[in-house]
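For reference, run.txt is printed below; it contains compact mmCIF, C-alpha atoms.
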# COMPACT_ATOMS: atom_id res chain seq x y z
CA LYS A 1 0.00 0.00 0.00
CA LYS A 2 2.89 2.38 0.65
CA ILE A 3 3.96 2.42 -3.01
CA LEU A 4 0.60 3.93 -3.97
CA LYS A 5 1.59 7.12 -2.12
CA PHE A 6 4.60 7.93 -4.36
CA ASP A 7 3.82 10.38 -7.15
CA GLU A 8 6.95 9.39 -9.07
CA VAL A 9 5.72 5.82 -9.63
CA ASP A 10 3.79 5.23 -12.88
CA ARG A 11 3.66 1.45 -13.06
CA ILE A 12 4.05 -1.45 -10.69
CA LEU A 13 5.41 -4.85 -11.71
CA LEU A 14 3.80 -7.89 -10.12
CA ASP A 15 6.32 -10.69 -10.61
CA ASN A 16 5.51 -14.37 -10.04
CA PHE A 17 2.09 -13.68 -8.53
CA SER A 18 -0.59 -16.36 -8.57
CA ILE A 19 -3.81 -15.57 -10.44
CA ASP A 20 -5.64 -14.98 -7.15
CA ASP A 21 -2.85 -12.72 -5.89
CA LEU A 22 -2.89 -10.75 -9.15
CA LYS A 23 -6.64 -10.15 -8.76
CA THR A 24 -6.14 -9.03 -5.16
CA ALA A 25 -3.29 -6.68 -6.09
CA VAL A 26 -5.18 -5.15 -9.01
CA ASP A 27 -8.17 -4.52 -6.74
CA LEU A 28 -5.92 -3.01 -4.07
CA ILE A 29 -4.16 -0.73 -6.59
CA GLY A 30 -7.57 0.38 -7.80
CA GLY A 31 -6.45 2.02 -11.04
CA LYS A 32 -4.03 4.39 -9.31
CA LEU A 33 -1.06 2.93 -11.23
CA GLU A 34 -0.54 0.92 -14.37
CA VAL A 35 -0.04 -2.73 -13.50
CA GLU A 36 2.26 -5.18 -15.29
CA ALA A 37 2.30 -8.92 -14.66
CA SER A 38 5.42 -10.98 -15.26
CA GLY A 39 6.96 -14.29 -14.26
CA GLY A 40 5.48 -17.72 -14.80
CA ILE A 41 3.25 -16.50 -17.61
CA THR A 42 2.85 -18.87 -20.50
CA LEU A 43 0.75 -18.98 -23.64
CA GLU A 44 -1.47 -21.41 -21.76
CA ASN A 45 -2.30 -19.08 -18.84
CA VAL A 46 -2.01 -15.63 -20.44
CA ARG A 47 -5.80 -15.32 -20.81
CA GLN A 48 -6.29 -15.93 -17.09
CA VAL A 49 -3.66 -13.31 -16.31
CA ALA A 50 -5.33 -10.81 -18.65
CA GLU A 51 -8.69 -11.41 -16.98
CA THR A 52 -7.25 -10.24 -13.63
CA GLY A 53 -7.31 -6.66 -14.92
CA VAL A 54 -3.59 -6.01 -15.34
CA ASP A 55 -2.64 -3.40 -17.95
CA TYR A 56 0.46 -5.11 -19.34
CA ILE A 57 1.73 -8.68 -19.52
CA SER A 58 5.34 -9.70 -20.06
CA ILE A 59 5.96 -13.20 -21.37
CA GLY A 60 9.68 -13.84 -21.10
CA MET A 61 9.40 -17.34 -22.50
CA LEU A 62 9.00 -15.78 -25.95
CA THR A 63 12.61 -14.59 -25.82
CA HIS A 64 14.47 -16.80 -23.34
CA SER A 65 12.90 -20.20 -24.04
CA PRO A 66 12.54 -20.59 -27.80
CA LYS A 67 13.37 -23.88 -29.41
CA ALA A 68 16.66 -23.76 -31.26
CA LEU A 69 16.78 -24.06 -35.01
CA ASP A 70 20.11 -24.69 -36.66
CA ILE A 71 20.26 -23.02 -40.05
CA SER A 72 23.30 -22.75 -42.24
CA LEU A 73 23.77 -20.73 -45.41
CA GLU A 74 26.24 -21.94 -47.96
CA ILE A 75 27.14 -19.74 -50.90
CA LYS A 76 28.60 -21.39 -53.99
CA ILE A 77 30.40 -19.26 -56.51
Would you mind writing the structure in this file as structure tokens?
Amino acid sequence: KKILKFDEVDRILLDNFSIDDLKTAVDLIGGKLEVEASGGITLENVRQVAETGVDYISIGMLTHSPKALDISLEIKI
């Protein structure tokens, strides 16, 4: 609750929160700040996260967990 009193804060990051905890936090913040959810978010649960009312969602698995693809380019002259 203390963070809501700082005028310099625009957005709060809720990292590794459960769905229930995200809902509680969003309700507590009450639109006073933008809210971003991160951590443990997958393509399978992103809809549930969105339905909590957060403003932004970060899905790190898109950048740090892609499947590798080995491609080579050979040029013949």
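Atom CA of Thr42 of chain A is positioned 11.7 Å from atom CA of Asn16 of chain A.
Near (-9.2, -10.0, -10.2), the residues that fall inside 9 Å on the basis of all atoms listed in the file are A:Ile19, A:Asp20, A:Asp21, A:Leu22, A:Lys23, A:Thr24, A:Ala25, A:Val26, A:Asp27, A:Val49, A:Glu51, A:Thr52, A:Gly53, A:Val54.
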Legend entry - Nearby residues (only C-alpha atoms) at most 10 Å from Ile57 of chain A, same-chain spacing under 5 positions excluded, as a PyMOL selection string: chain A and resi 13-14+35-39+41+46+49-50
Inset, instruction - Have a look at atom CA of Ser58 of chain A and atom CA of Asp70 of chain A and let me know their distance in Å, one decimal. - result: 26.8 Å
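Here atom CA of Arg11 of chain A and atom CA of Gly31 of chain A stand 10.3 Å from one another.
Among the candidates A:Gln48, A:Leu43, A:Ala68, A:Glu34, the one nearest to Ser18 of chain A when counting all atoms listed in the file is A:Gln48.
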Legend entry - For Asp55 of chain A, the nearest of the candidates A:Leu33, A:Asp15, A:Ile71, A:Asp7, counting all atoms listed in the file: A:Leu33
Please fill the gaps in segment 3-36 of chain A so it has N, CA and C atoms, and write that as a compact mmCIF listing (two decimals), keeping the file's coordinate frame.
# COMPACT_ATOMS: atom_id res chain seq x y z
N ILE A 3 3.50 2.00 -1.68
CA ILE A 3 3.96 2.42 -3.01
C ILE A 3 2.92 3.30 -3.70
N LEU A 4 1.66 3.14 -3.35
CA LEU A 4 0.60 3.93 -3.97
C LEU A 4 0.69 5.41 -3.60
N LYS A 5 1.47 5.74 -2.60
CA LYS A 5 1.59 7.12 -2.12
C LYS A 5 2.67 7.91 -2.84
N PHE A 6 3.51 7.26 -3.67
CA PHE A 6 4.60 7.93 -4.36
C PHE A 6 4.13 8.46 -5.70
N ASP A 7 4.23 9.77 -5.90
CA ASP A 7 3.82 10.38 -7.15
C ASP A 7 4.74 10.02 -8.32
N GLU A 8 5.98 9.67 -8.02
CA GLU A 8 6.95 9.39 -9.07
C GLU A 8 6.74 8.02 -9.72
N VAL A 9 5.94 7.18 -9.13
CA VAL A 9 5.72 5.82 -9.63
C VAL A 9 4.56 5.83 -10.63
N ASP A 10 4.82 5.30 -11.84
CA ASP A 10 3.79 5.23 -12.88
C ASP A 10 3.21 3.83 -13.02
N ARG A 11 4.06 2.84 -12.80
CA ARG A 11 3.66 1.45 -13.06
C ARG A 11 4.27 0.56 -12.00
N ILE A 12 3.54 -0.47 -11.64
CA ILE A 12 4.05 -1.45 -10.69
C ILE A 12 4.10 -2.82 -11.36
N LEU A 13 5.20 -3.53 -11.13
CA LEU A 13 5.41 -4.85 -11.71
C LEU A 13 5.09 -5.91 -10.66
N LEU A 14 4.17 -6.79 -11.00
CA LEU A 14 3.80 -7.89 -10.12
C LEU A 14 4.45 -9.15 -10.71
N ASP A 15 5.51 -9.61 -10.07
CA ASP A 15 6.32 -10.69 -10.61
C ASP A 15 6.05 -11.99 -9.85
N ASN A 16 5.75 -13.04 -10.60
CA ASN A 16 5.51 -14.37 -10.04
C ASN A 16 4.34 -14.41 -9.06
N PHE A 17 3.30 -13.65 -9.34
CA PHE A 17 2.09 -13.68 -8.53
C PHE A 17 1.18 -14.79 -9.04
N SER A 18 0.43 -15.41 -8.15
CA SER A 18 -0.59 -16.36 -8.57
C SER A 18 -1.75 -15.56 -9.17
N ILE A 19 -2.65 -16.25 -9.86
CA ILE A 19 -3.81 -15.57 -10.44
C ILE A 19 -4.63 -14.88 -9.35
N ASP A 20 -4.87 -15.57 -8.26
CA ASP A 20 -5.64 -14.98 -7.15
C ASP A 20 -4.93 -13.76 -6.57
N ASP A 21 -3.61 -13.85 -6.42
CA ASP A 21 -2.85 -12.72 -5.89
C ASP A 21 -2.84 -11.54 -6.86
N LEU A 22 -2.80 -11.82 -8.16
CA LEU A 22 -2.89 -10.75 -9.15
C LEU A 22 -4.22 -10.01 -9.02
N LYS A 23 -5.32 -10.77 -8.91
CA LYS A 23 -6.64 -10.15 -8.76
C LYS A 23 -6.68 -9.27 -7.51
N THR A 24 -6.15 -9.79 -6.41
CA THR A 24 -6.14 -9.03 -5.16
C THR A 24 -5.34 -7.75 -5.31
N ALA A 25 -4.15 -7.85 -5.92
CA ALA A 25 -3.29 -6.68 -6.09
C ALA A 25 -3.93 -5.64 -6.99
N VAL A 26 -4.52 -6.08 -8.09
CA VAL A 26 -5.18 -5.15 -9.01
C VAL A 26 -6.32 -4.42 -8.30
N ASP A 27 -7.08 -5.14 -7.51
CA ASP A 27 -8.17 -4.52 -6.74
C ASP A 27 -7.61 -3.51 -5.74
N LEU A 28 -6.53 -3.87 -5.08
CA LEU A 28 -5.92 -3.01 -4.07
C LEU A 28 -5.35 -1.74 -4.71
N ILE A 29 -4.74 -1.88 -5.88
CA ILE A 29 -4.16 -0.73 -6.59
C ILE A 29 -5.26 0.18 -7.11
N GLY A 30 -6.38 -0.40 -7.46
CA GLY A 30 -7.57 0.38 -7.80
C GLY A 30 -7.43 1.39 -8.91
N GLY A 31 -6.60 1.10 -9.91
CA GLY A 31 -6.45 2.02 -11.04
C GLY A 31 -5.54 3.21 -10.78
N LYS A 32 -4.92 3.26 -9.63
CA LYS A 32 -4.03 4.39 -9.31
C LYS A 32 -2.71 4.34 -10.07
N LEU A 33 -2.30 3.14 -10.47
CA LEU A 33 -1.06 2.93 -11.23
C LEU A 33 -1.34 1.93 -12.34
N GLU A 34 -0.50 1.98 -13.38
CA GLU A 34 -0.54 0.92 -14.37
C GLU A 34 0.05 -0.32 -13.73
N VAL A 35 -0.47 -1.48 -14.10
CA VAL A 35 -0.04 -2.73 -13.50
C VAL A 35 0.47 -3.67 -14.59
N GLU A 36 1.67 -4.22 -14.36
CA GLU A 36 2.26 -5.18 -15.29
C GLU A 36 2.48 -6.50 -14.57
